[in-house]
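Reviewing the structure listed below.
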Amino acid sequence: AAFSILGYIRSISPRPILLSNSFWGYFVEDFWSDPTNGNVLDYADTHWYARPGRNDEELVSTVTRDSAANVRECQKRFMDYELQYHVNKPIVRGETGVWQTDGYDPMDLGSGVSTYFHKQVWAQMGDQCGGEWYADALTQGNLLGMYALYEQFLQGVPLTNGRYTPVGTDLGNISLDNTSGAVRAWGKIDFVDGQGILWVDNADDTWWHTAQQMPIGMAGGVLTIAELPDGTYDVTRYDPYSGTASVGLQTTAAGKLSLTVSDLQHDIALKFKKR
């Protein structure tokens, strides 16, 4: 029935529109990868919430106290889906949120609400693992501006050119040295043209730690990316809270670009491009 409806919409649409259908948890291979009808679907849409104490991580995540880590879990799982099922279309998290231990009411984020949404949007770095369902706090707290800053940062980045590769300190393709505090970083890089985007985060600065008024120390380190074209790079350091940016020049050494981040209280976004 779903394929019939999608096919009908496609046949009467006066212009190209993206079509999909959503499922609760898991990757429904028989549907998304259907050899006959799968071509009417432009992207896969799955819903993946979080709750403390679950025992089926793929249906409901247990990563509840760190919205950036929750997004990263989603990104890496979708990478696994792409490899396991040979998916040739985007996978989007259409809905998410953090539930209380019992029921389906959202967890009270307290004074950590701004940190929760900020880290959730910036941790995506060009991916589609947002999808927050319980978004009332965004309008109530006048927080929608953080999405505009994220969009501003991504302007002009050709993420759809087919050459951007996921990278991260957790994937082994970004090395991290001379660290202080808890640093993590991930993003996407075009190794052919020598350009990329990275989000560097103080991993102790979570919504839960903020809500619990726990002390959060500074973080820093040297991020090194290898296998880039040699040359001079424009490196933009972007403040994801104010939108201010500074641009400097750096030169690769044997294909390696090293970026130093220090005194990181929250997070910073980096953009680099070979001249």
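Residue names in the structure tokens use chain letters A, B, ... in the order shown, residue numbers from 1 in each chain, and ligand numbers from 1 in the order shown.
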
Item to check | Distance query Asp108 of chain A at most 10 Å, only C-alpha atoms, self and fewer than 4 positions along chain excluded, as a PyMOL selection string | outcome: chain A and resi 98-100+112-113+211

Item to check | Nearby residues (only C-alpha atoms) at most 7 Å from Ser61 of chain A, same-chain spacing under 2 positions excluded, as a PyMOL selection string | outcome: chain A and resi 49-51+57-59+63

Can those selected residues be exported to a file as a PDB file, in the first residue's frame so that it contains N, CA and C atoms?
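Final output, part-v2.pdb:
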ATOM      1  N   TYR A  49      14.394   7.287  19.656  1.00  0.00           N
ATOM      2  CA  TYR A  49      14.365   8.046  20.903  1.00  0.00           C
ATOM      3  C   TYR A  49      15.377   7.462  21.894  1.00  0.00           C
ATOM      4  N   ALA A  50      15.419   8.058  23.090  1.00  0.00           N
ATOM      5  CA  ALA A  50      16.323   7.571  24.140  1.00  0.00           C
ATOM      6  C   ALA A  50      15.591   7.541  25.474  1.00  0.00           C
ATOM      7  N   ARG A  51      15.974   6.570  26.299  1.00  0.00           N
ATOM      8  CA  ARG A  51      15.373   6.427  27.628  1.00  0.00           C
ATOM      9  C   ARG A  51      16.367   5.714  28.536  1.00  0.00           C
ATOM     10  N   GLU A  57      19.188  -1.313  22.510  1.00  0.00           N
ATOM     11  CA  GLU A  57      19.784  -0.024  22.148  1.00  0.00           C
ATOM     12  C   GLU A  57      19.375   0.450  20.764  1.00  0.00           C
ATOM     13  N   GLU A  58      19.126  -0.468  19.871  1.00  0.00           N
ATOM     14  CA  GLU A  58      18.798  -0.058  18.511  1.00  0.00           C
ATOM     15  C   GLU A  58      17.360   0.445  18.390  1.00  0.00           C
ATOM     16  N   LEU A  59      16.477  -0.038  19.222  1.00  0.00           N
ATOM     17  CA  LEU A  59      15.096   0.427  19.201  1.00  0.00           C
ATOM     18  C   LEU A  59      14.953   1.721  19.989  1.00  0.00           C
ATOM     19  N   VAL A  63      21.542   6.530  25.546  1.00  0.00           N
ATOM     20  CA  VAL A  63      22.399   7.717  25.669  1.00  0.00           C
ATOM     21  C   VAL A  63      21.486   8.916  25.898  1.00  0.00           C
TER      22      VAL A  63
END

Checklist entry - Looking only at the backbone, which of the residues in segment 68-267 of chain A does DSSP tag as alpha helix (DSSP H), as a PyMOL selection string? => result chain A and resi 68-85+113-122+136-140+145-154+207-211

Checklist entry - Would you give me, as a PyMOL selection string, the residues in segment 18-178 of chain A that DSSP reads as strand (DSSP E)? => result chain A and resi 22-24+44-47+49-50+60-61+91-95+164-168+175-178

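Distances from A:Leu270, A:Ile9, A:Leu228, A:Val261 to Val192 of chain A were compared using only C-alpha atoms, and the smallest one belongs to A:Leu228.
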
Item to check | Nearest to Trp208 of chain A, chosen from A:Glu95, A:Asp66, A:Asp127, A:Glu82, with only C-alpha atoms counted in the distances | outcome: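 So, comparing all the options, the nearest one is A:Asp66.
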
Checklist entry - Which of these residues is nearest to Val121 of chain A, using only C-alpha atoms: A:Pro240, A:Met107, A:Pro16, A:Ile5? => result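 Looking at the shortest contact to Val121 of chain A, the residue is A:Pro240.
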
Next on the checklist: What's the separation between atom CA of Ala254 of chain A and atom CA of Gly194 of chain A, in Å to one decimal place?
Outcome noted: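 Interatomic distance, atom CA of Ala254 of chain A to atom CA of Gly194 of chain A: 13.4 Å.
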
Next on the checklist: Which residues are close to segment 160-164 of chain A, i.e. within 6 Å by only C-alpha atoms, leaving aside same-chain residues fewer than 3 positions away? Reply as JSON, numbers by chain.
Outcome noted: {"A": [188, 189, 190]}

Within 12 Å of Gln213 of chain A, counting only C-alpha atoms, which residues show up once you throw out same-chain ones fewer than 6 positions away? Write them as a JSON list (two decimals) with C-alpha atoms, in the first residue's frame, please.
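Output (out23.json):
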[["chain", "number", "residue", "atom", "x", "y", "z"],
["A", 110, "GLY", "CA", 16.15, 21.94, 33.63],
["A", 111, "SER", "CA", 18.85, 24.58, 33.24],
["A", 112, "GLY", "CA", 20.58, 22.33, 30.70],
["A", 204, "ASP", "CA", 32.34, 17.40, 29.79],
["A", 205, "ASP", "CA", 30.07, 20.27, 28.79],
["A", 206, "THR", "CA", 26.83, 18.29, 28.56],
["A", 207, "TRP", "CA", 23.28, 19.34, 29.31]]

Next on the checklist: Show me, as a PyMOL selection string, the residues that have an atom within 9 Å of Ser114 of chain A when counting only C-alpha atoms, minus same-chain residues fewer than 2 positions from it.
Outcome noted: chain A and resi 109+111-112+116-119+137-138+141+143+207

Suppose we keep N, CA and C atoms; can you now write the selection as a PDB file, in the first residue's frame?
ATOM      1  N   LEU A 109      14.783  18.849  31.238  1.00  0.00           N
ATOM      2  CA  LEU A 109      16.169  19.239  30.965  1.00  0.00           C
ATOM      3  C   LEU A 109      16.663  20.327  31.905  1.00  0.00           C
ATOM      4  N   SER A 111      17.992  23.486  33.726  1.00  0.00           N
ATOM      5  CA  SER A 111      18.850  24.579  33.243  1.00  0.00           C
ATOM      6  C   SER A 111      19.789  24.121  32.136  1.00  0.00           C
ATOM      7  N   GLY A 112      19.738  22.837  31.778  1.00  0.00           N
ATOM      8  CA  GLY A 112      20.584  22.326  30.704  1.00  0.00           C
ATOM      9  C   GLY A 112      19.914  22.353  29.346  1.00  0.00           C
ATOM     10  N   TYR A 116      21.479  21.296  25.723  1.00  0.00           N
ATOM     11  CA  TYR A 116      20.925  20.110  25.054  1.00  0.00           C
ATOM     12  C   TYR A 116      20.701  20.380  23.572  1.00  0.00           C
ATOM     13  N   PHE A 117      19.983  21.457  23.261  1.00  0.00           N
ATOM     14  CA  PHE A 117      19.659  21.744  21.864  1.00  0.00           C
ATOM     15  C   PHE A 117      20.871  22.221  21.078  1.00  0.00           C
ATOM     16  N   HIS A 118      21.725  23.008  21.724  1.00  0.00           N
ATOM     17  CA  HIS A 118      22.922  23.504  21.026  1.00  0.00           C
ATOM     18  C   HIS A 118      23.809  22.343  20.590  1.00  0.00           C
ATOM     19  N   LYS A 119      24.107  21.458  21.506  1.00  0.00           N
ATOM     20  CA  LYS A 119      24.979  20.326  21.171  1.00  0.00           C
ATOM     21  C   LYS A 119      24.296  19.384  20.180  1.00  0.00           C
ATOM     22  N   ALA A 137      10.516  23.896  23.917  1.00  0.00           N
ATOM     23  CA  ALA A 137      11.489  24.712  24.655  1.00  0.00           C
ATOM     24  C   ALA A 137      12.261  25.651  23.735  1.00  0.00           C
ATOM     25  N   LEU A 138      12.347  25.317  22.450  1.00  0.00           N
ATOM     26  CA  LEU A 138      13.069  26.170  21.516  1.00  0.00           C
ATOM     27  C   LEU A 138      12.391  27.528  21.366  1.00  0.00           C
ATOM     28  N   GLY A 141      12.129  29.314  25.057  1.00  0.00           N
ATOM     29  CA  GLY A 141      13.393  29.869  25.528  1.00  0.00           C
ATOM     30  C   GLY A 141      14.099  30.740  24.512  1.00  0.00           C
ATOM     31  N   LEU A 143      15.338  30.027  21.553  1.00  0.00           N
ATOM     32  CA  LEU A 143      16.574  29.325  21.200  1.00  0.00           C
ATOM     33  C   LEU A 143      16.702  29.026  19.709  1.00  0.00           C
ATOM     34  N   TRP A 207      24.457  18.731  28.697  1.00  0.00           N
ATOM     35  CA  TRP A 207      23.276  19.337  29.305  1.00  0.00           C
ATOM     36  C   TRP A 207      23.069  18.819  30.727  1.00  0.00           C
TER      37      TRP A 207
END

Pick out the residues sitting within 12 Å of Thr96 of chain A, and hand them over as an mmCIF file with all heavy atoms, in the first residue's frame; count only C-alpha atoms, and ignore anything fewer than 5 positions along from it in its own chain.
data_model
loop_
_atom_site.group_PDB
_atom_site.id
_atom_site.type_symbol
_atom_site.label_atom_id
_atom_site.label_comp_id
_atom_site.auth_asym_id
_atom_site.auth_seq_id
_atom_site.Cartn_x
_atom_site.Cartn_y
_atom_site.Cartn_z
ATOM 1 N N TRP A 24 9.655 2.993 13.099
ATOM 2 C CA TRP A 24 10.062 3.175 14.482
ATOM 3 C C TRP A 24 11.246 2.248 14.776
ATOM 4 O O TRP A 24 11.088 1.044 14.947
ATOM 5 C CB TRP A 24 8.903 2.840 15.416
ATOM 6 C CG TRP A 24 9.203 3.109 16.857
ATOM 7 C CD1 TRP A 24 9.882 2.317 17.720
ATOM 8 C CD2 TRP A 24 8.854 4.270 17.589
ATOM 9 N NE1 TRP A 24 9.978 2.908 18.949
ATOM 10 C CE2 TRP A 24 9.350 4.113 18.894
ATOM 11 C CE3 TRP A 24 8.169 5.447 17.264
ATOM 12 C CZ2 TRP A 24 9.172 5.085 19.883
ATOM 13 C CZ3 TRP A 24 7.998 6.398 18.257
ATOM 14 C CH2 TRP A 24 8.486 6.212 19.537
ATOM 15 N N GLY A 25 12.433 2.819 14.811
ATOM 16 C CA GLY A 25 13.611 2.025 15.132
ATOM 17 C C GLY A 25 14.006 1.074 14.014
ATOM 18 O O GLY A 25 13.240 0.777 13.105
ATOM 19 N N ASP A 45 13.769 7.146 6.497
ATOM 20 C CA ASP A 45 13.414 7.925 7.689
ATOM 21 C C ASP A 45 13.146 6.962 8.838
ATOM 22 O O ASP A 45 12.258 6.110 8.753
ATOM 23 C CB ASP A 45 12.180 8.774 7.381
ATOM 24 C CG ASP A 45 11.778 9.684 8.534
ATOM 25 O OD1 ASP A 45 11.747 9.210 9.689
ATOM 26 O OD2 ASP A 45 11.478 10.862 8.285
ATOM 27 N N THR A 46 13.926 7.108 9.914
ATOM 28 C CA THR A 46 13.712 6.251 11.079
ATOM 29 C C THR A 46 13.588 7.107 12.329
ATOM 30 O O THR A 46 14.160 8.189 12.413
ATOM 31 C CB THR A 46 14.865 5.238 11.237
ATOM 32 O OG1 THR A 46 14.593 4.361 12.338
ATOM 33 C CG2 THR A 46 16.183 5.930 11.471
ATOM 34 N N HIS A 47 12.797 6.636 13.283
ATOM 35 C CA HIS A 47 12.608 7.339 14.552
ATOM 36 C C HIS A 47 13.416 6.615 15.625
ATOM 37 O O HIS A 47 13.341 5.389 15.739
ATOM 38 C CB HIS A 47 11.130 7.353 14.948
ATOM 39 C CG HIS A 47 10.258 8.087 13.965
ATOM 40 N ND1 HIS A 47 8.894 8.176 14.106
ATOM 41 C CD2 HIS A 47 10.564 8.757 12.825
ATOM 42 C CE1 HIS A 47 8.383 8.877 13.107
ATOM 43 N NE2 HIS A 47 9.389 9.225 12.312
ATOM 44 N N TRP A 48 14.172 7.372 16.408
ATOM 45 C CA TRP A 48 15.050 6.747 17.408
ATOM 46 C C TRP A 48 15.140 7.644 18.630
ATOM 47 O O TRP A 48 15.841 8.644 18.628
ATOM 48 C CB TRP A 48 16.439 6.513 16.797
ATOM 49 C CG TRP A 48 17.298 5.560 17.567
ATOM 50 C CD1 TRP A 48 16.941 4.782 18.610
ATOM 51 C CD2 TRP A 48 18.673 5.277 17.319
ATOM 52 N NE1 TRP A 48 17.994 4.012 19.042
ATOM 53 C CE2 TRP A 48 19.073 4.302 18.259
ATOM 54 C CE3 TRP A 48 19.607 5.747 16.393
ATOM 55 C CZ2 TRP A 48 20.382 3.808 18.303
ATOM 56 C CZ3 TRP A 48 20.887 5.254 16.441
ATOM 57 C CH2 TRP A 48 21.267 4.288 17.383
ATOM 58 N N TYR A 49 14.394 7.287 19.656
ATOM 59 C CA TYR A 49 14.365 8.046 20.903
ATOM 60 C C TYR A 49 15.377 7.462 21.894
ATOM 61 O O TYR A 49 16.071 6.497 21.588
ATOM 62 C CB TYR A 49 12.961 8.025 21.501
ATOM 63 C CG TYR A 49 11.958 8.906 20.770
ATOM 64 C CD1 TYR A 49 11.408 8.503 19.547
ATOM 65 C CD2 TYR A 49 11.571 10.134 21.294
ATOM 66 C CE1 TYR A 49 10.488 9.310 18.882
ATOM 67 C CE2 TYR A 49 10.651 10.944 20.632
ATOM 68 C CZ TYR A 49 10.119 10.527 19.428
ATOM 69 O OH TYR A 49 9.220 11.319 18.774
ATOM 70 N N ALA A 50 15.419 8.058 23.090
ATOM 71 C CA ALA A 50 16.323 7.571 24.140
ATOM 72 C C ALA A 50 15.591 7.541 25.474
ATOM 73 O O ALA A 50 14.701 8.359 25.727
ATOM 74 C CB ALA A 50 17.554 8.470 24.244
ATOM 75 N N ARG A 51 15.974 6.570 26.299
ATOM 76 C CA ARG A 51 15.373 6.427 27.628
ATOM 77 C C ARG A 51 16.367 5.714 28.536
ATOM 78 O O ARG A 51 17.030 4.760 28.100
ATOM 79 C CB ARG A 51 14.077 5.636 27.546
ATOM 80 C CG ARG A 51 13.492 5.287 28.910
ATOM 81 C CD ARG A 51 12.279 4.395 28.799
ATOM 82 N NE ARG A 51 11.102 5.139 28.387
ATOM 83 C CZ ARG A 51 10.166 4.675 27.574
ATOM 84 N NH1 ARG A 51 10.298 3.469 27.045
ATOM 85 N NH2 ARG A 51 9.108 5.399 27.281
ATOM 86 N N LEU A 59 16.477 -0.038 19.222
ATOM 87 C CA LEU A 59 15.096 0.427 19.201
ATOM 88 C C LEU A 59 14.953 1.721 19.989
ATOM 89 O O LEU A 59 14.344 2.689 19.526
ATOM 90 C CB LEU A 59 14.160 -0.635 19.767
ATOM 91 C CG LEU A 59 12.670 -0.266 19.787
ATOM 92 C CD1 LEU A 59 12.164 -0.003 18.376
ATOM 93 C CD2 LEU A 59 11.864 -1.375 20.443
ATOM 94 N N VAL A 60 15.528 1.762 21.183
ATOM 95 C CA VAL A 60 15.518 2.957 22.034
ATOM 96 C C VAL A 60 16.904 3.103 22.643
ATOM 97 O O VAL A 60 17.367 2.225 23.370
ATOM 98 C CB VAL A 60 14.456 2.860 23.152
ATOM 99 C CG1 VAL A 60 14.504 4.106 24.028
ATOM 100 C CG2 VAL A 60 13.065 2.686 22.566
ATOM 101 N N SER A 61 17.567 4.201 22.354
ATOM 102 C CA SER A 61 18.923 4.433 22.853
ATOM 103 C C SER A 61 18.925 4.632 24.364
ATOM 104 O O SER A 61 17.922 5.029 24.964
ATOM 105 C CB SER A 61 19.509 5.672 22.165
ATOM 106 O OG SER A 61 20.720 6.068 22.786
ATOM 107 N N VAL A 63 21.542 6.530 25.546
ATOM 108 C CA VAL A 63 22.399 7.717 25.669
ATOM 109 C C VAL A 63 21.486 8.916 25.898
ATOM 110 O O VAL A 63 20.964 9.512 24.950
ATOM 111 C CB VAL A 63 23.260 7.910 24.412
ATOM 112 C CG1 VAL A 63 24.170 9.125 24.573
ATOM 113 C CG2 VAL A 63 24.079 6.664 24.133
ATOM 114 N N THR A 64 21.291 9.268 27.154
ATOM 115 C CA THR A 64 20.296 10.281 27.517
ATOM 116 C C THR A 64 20.892 11.562 28.084
ATOM 117 O O THR A 64 20.265 12.615 28.002
ATOM 118 C CB THR A 64 19.315 9.713 28.560
ATOM 119 O OG1 THR A 64 20.052 9.314 29.731
ATOM 120 C CG2 THR A 64 18.568 8.503 28.000
ATOM 121 N N SER A 67 23.556 15.020 24.670
ATOM 122 C CA SER A 67 22.859 15.092 23.381
ATOM 123 C C SER A 67 23.819 14.986 22.204
ATOM 124 O O SER A 67 23.450 14.478 21.142
ATOM 125 C CB SER A 67 22.040 16.381 23.282
ATOM 126 O OG SER A 67 22.820 17.528 23.562
ATOM 127 N N ASN A 70 24.528 11.342 21.783
ATOM 128 C CA ASN A 70 23.349 10.704 21.219
ATOM 129 C C ASN A 70 23.306 10.884 19.709
ATOM 130 O O ASN A 70 23.021 9.947 18.959
ATOM 131 C CB ASN A 70 22.091 11.284 21.863
ATOM 132 C CG ASN A 70 20.813 10.669 21.332
ATOM 133 O OD1 ASN A 70 20.338 11.064 20.280
ATOM 134 N ND2 ASN A 70 20.267 9.716 22.058
ATOM 135 N N VAL A 71 23.610 12.092 19.246
ATOM 136 C CA VAL A 71 23.674 12.343 17.805
ATOM 137 C C VAL A 71 24.777 11.506 17.164
ATOM 138 O O VAL A 71 24.588 10.913 16.100
ATOM 139 C CB VAL A 71 23.910 13.844 17.529
ATOM 140 C CG1 VAL A 71 24.294 14.074 16.068
ATOM 141 C CG2 VAL A 71 22.665 14.645 17.870
ATOM 142 N N CYS A 74 23.813 7.992 16.622
ATOM 143 C CA CYS A 74 22.926 7.904 15.464
ATOM 144 C C CYS A 74 23.733 7.930 14.165
ATOM 145 O O CYS A 74 23.510 7.108 13.275
ATOM 146 C CB CYS A 74 21.929 9.061 15.507
ATOM 147 S SG CYS A 74 20.923 9.250 14.026
ATOM 148 N N TYR A 104 6.106 8.120 28.097
ATOM 149 C CA TYR A 104 6.624 8.794 26.907
ATOM 150 C C TYR A 104 6.678 10.305 27.077
ATOM 151 O O TYR A 104 6.684 11.037 26.088
ATOM 152 C CB TYR A 104 5.768 8.419 25.694
ATOM 153 C CG TYR A 104 5.832 6.937 25.386
ATOM 154 C CD1 TYR A 104 4.856 6.076 25.866
ATOM 155 C CD2 TYR A 104 6.891 6.409 24.652
ATOM 156 C CE1 TYR A 104 4.923 4.712 25.609
ATOM 157 C CE2 TYR A 104 6.966 5.052 24.392
ATOM 158 C CZ TYR A 104 5.973 4.203 24.874
ATOM 159 O OH TYR A 104 6.058 2.857 24.624
ATOM 160 N N PRO A 106 8.718 13.705 27.936
ATOM 161 C CA PRO A 106 10.134 14.073 27.826
ATOM 162 C C PRO A 106 10.774 14.316 29.180
ATOM 163 O O PRO A 106 10.117 14.768 30.117
ATOM 164 C CB PRO A 106 10.088 15.364 26.998
ATOM 165 C CG PRO A 106 8.731 15.941 27.264
ATOM 166 C CD PRO A 106 7.814 14.759 27.405
ATOM 167 N N PHE A 117 19.983 21.457 23.261
ATOM 168 C CA PHE A 117 19.659 21.744 21.864
ATOM 169 C C PHE A 117 20.871 22.221 21.078
ATOM 170 O O PHE A 117 21.040 21.875 19.908
ATOM 171 C CB PHE A 117 18.522 22.759 21.786
ATOM 172 C CG PHE A 117 17.179 22.178 22.089
ATOM 173 C CD1 PHE A 117 16.558 22.432 23.300
ATOM 174 C CD2 PHE A 117 16.539 21.365 21.172
ATOM 175 C CE1 PHE A 117 15.310 21.891 23.587
ATOM 176 C CE2 PHE A 117 15.292 20.816 21.448
ATOM 177 C CZ PHE A 117 14.679 21.077 22.658
ATOM 178 N N GLN A 120 22.989 19.266 20.272
ATOM 179 C CA GLN A 120 22.273 18.386 19.343
ATOM 180 C C GLN A 120 22.391 18.871 17.910
ATOM 181 O O GLN A 120 22.635 18.079 16.988
ATOM 182 C CB GLN A 120 20.800 18.287 19.738
ATOM 183 C CG GLN A 120 19.990 17.305 18.895
ATOM 184 C CD GLN A 120 18.516 17.333 19.240
ATOM 185 O OE1 GLN A 120 17.824 18.307 18.947
ATOM 186 N NE2 GLN A 120 18.030 16.272 19.883
ATOM 187 N N GLN A 128 22.068 14.149 9.264
ATOM 188 C CA GLN A 128 20.633 14.313 9.498
ATOM 189 C C GLN A 128 20.188 13.549 10.736
ATOM 190 O O GLN A 128 19.255 12.752 10.691
ATOM 191 C CB GLN A 128 19.837 13.838 8.270
ATOM 192 C CG GLN A 128 20.216 14.506 6.969
ATOM 193 C CD GLN A 128 21.398 13.869 6.269
ATOM 194 O OE1 GLN A 128 21.697 12.713 6.474
ATOM 195 N NE2 GLN A 128 22.085 14.652 5.454
ATOM 196 N N CYS A 129 20.859 13.777 11.866
ATOM 197 C CA CYS A 129 20.515 13.034 13.085
ATOM 198 C C CYS A 129 19.942 13.942 14.166
ATOM 199 O O CYS A 129 20.106 13.690 15.353
ATOM 200 C CB CYS A 129 21.736 12.278 13.608
ATOM 201 S SG CYS A 129 21.959 10.666 12.827
ATOM 202 N N GLY A 130 19.282 15.021 13.755
ATOM 203 C CA GLY A 130 18.573 15.869 14.715
ATOM 204 C C GLY A 130 17.197 15.270 14.957
ATOM 205 O O GLY A 130 17.048 14.237 15.574
ATOM 206 N N GLY A 131 16.162 15.933 14.448
ATOM 207 C CA GLY A 131 14.816 15.369 14.508
ATOM 208 C C GLY A 131 14.140 15.474 15.855
ATOM 209 O O GLY A 131 13.237 14.679 16.165
ATOM 210 N N GLU A 132 14.514 16.445 16.691
ATOM 211 C CA GLU A 132 13.913 16.563 18.018
ATOM 212 C C GLU A 132 12.402 16.755 17.933
ATOM 213 O O GLU A 132 11.899 17.634 17.234
ATOM 214 C CB GLU A 132 14.534 17.742 18.760
ATOM 215 C CG GLU A 132 13.973 17.987 20.147
ATOM 216 C CD GLU A 132 14.245 16.845 21.117
ATOM 217 O OE1 GLU A 132 15.359 16.275 21.069
ATOM 218 O OE2 GLU A 132 13.352 16.531 21.930
ATOM 219 N N TRP A 133 11.666 15.897 18.663
ATOM 220 C CA TRP A 133 10.212 15.948 18.657
ATOM 221 C C TRP A 133 9.681 16.938 19.695
ATOM 222 O O TRP A 133 8.694 17.640 19.459
ATOM 223 C CB TRP A 133 9.647 14.556 18.931
ATOM 224 C CG TRP A 133 8.156 14.486 18.886
ATOM 225 C CD1 TRP A 133 7.297 14.332 19.942
ATOM 226 C CD2 TRP A 133 7.320 14.567 17.714
ATOM 227 N NE1 TRP A 133 6.002 14.302 19.521
ATOM 228 C CE2 TRP A 133 5.981 14.442 18.146
ATOM 229 C CE3 TRP A 133 7.588 14.727 16.355
ATOM 230 C CZ2 TRP A 133 4.913 14.488 17.266
ATOM 231 C CZ3 TRP A 133 6.521 14.764 15.474
ATOM 232 C CH2 TRP A 133 5.210 14.650 15.935
ATOM 233 N N TYR A 134 10.342 17.009 20.834
ATOM 234 C CA TYR A 134 9.859 17.861 21.924
ATOM 235 C C TYR A 134 10.548 19.222 21.836
ATOM 236 O O TYR A 134 11.476 19.536 22.592
ATOM 237 C CB TYR A 134 10.140 17.193 23.271
ATOM 238 C CG TYR A 134 9.513 15.830 23.369
ATOM 239 C CD1 TYR A 134 10.288 14.678 23.276
ATOM 240 C CD2 TYR A 134 8.130 15.681 23.535
ATOM 241 C CE1 TYR A 134 9.712 13.416 23.356
ATOM 242 C CE2 TYR A 134 7.553 14.429 23.613
ATOM 243 C CZ TYR A 134 8.341 13.300 23.525
ATOM 244 O OH TYR A 134 7.767 12.067 23.597
ATOM 245 N N ALA A 135 10.065 20.034 20.897
ATOM 246 C CA ALA A 135 10.773 21.274 20.557
ATOM 247 C C ALA A 135 10.131 22.526 21.144
ATOM 248 O O ALA A 135 10.538 23.641 20.800
ATOM 249 C CB ALA A 135 10.859 21.408 19.034
#

Item to check | Spatial neighbours of Leu257 of chain A, 9 Å, only C-alpha atoms, chain gap at least 6 places, as a list in words | outcome: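 Using only C-alpha atoms, the neighbours found are Leu223, Thr224, Ile225, Ala226, Glu227, Leu228, Asp230, Tyr233, Gln250 and Thr251 of chain A.
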
Could you dump the residues just selected with N, CA and C atoms as a CSV table (one decimal), in the first residue's frame?
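again10.csv was written with the following content:
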chain,number,residue,atom,x,y,z
A,223,LEU,N,44.6,18.7,16.9
A,223,LEU,CA,43.9,17.7,16.0
A,223,LEU,C,44.7,17.7,14.7
A,224,THR,N,45.1,16.5,14.3
A,224,THR,CA,45.9,16.3,13.0
A,224,THR,C,45.1,15.4,12.0
A,225,ILE,N,45.0,16.0,10.8
A,225,ILE,CA,44.3,15.2,9.7
A,225,ILE,C,45.3,14.9,8.7
A,226,ALA,N,45.4,13.7,8.3
A,226,ALA,CA,46.4,13.2,7.3
A,226,ALA,C,45.8,13.1,5.9
A,227,GLU,N,46.6,12.8,4.9
A,227,GLU,CA,46.2,12.5,3.6
A,227,GLU,C,45.5,13.6,2.8
A,228,LEU,N,45.8,14.8,3.2
A,228,LEU,CA,45.3,16.0,2.5
A,228,LEU,C,46.3,16.5,1.4
A,230,ASP,N,48.9,18.7,-0.3
A,230,ASP,CA,49.8,19.7,0.2
A,230,ASP,C,49.5,21.1,-0.3
A,233,TYR,N,46.3,26.5,3.4
A,233,TYR,CA,44.8,26.3,3.7
A,233,TYR,C,44.3,27.6,4.4
A,250,GLN,N,47.3,28.2,7.2
A,250,GLN,CA,48.1,27.1,7.6
A,250,GLN,C,48.6,26.3,6.5
A,251,THR,N,49.8,25.7,6.6
A,251,THR,CA,50.3,24.9,5.5
A,251,THR,C,50.5,23.5,5.9

Checklist entry - Which of these, A:Gly220, A:Gly187, A:Gly196, A:Pro158, has the shortest distance to Val235 of chain A once you count only C-alpha atoms? => result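 Answer, going by the shortest atom-to-atom distance: A:Gly196.
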
Checklist entry - Which value, in Å to one decimal, gives the distance between atom CA of Asp201 of chain A and atom CA of Met125 of chain A? => result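 Here the two named atoms are 12.0 Å from each other.
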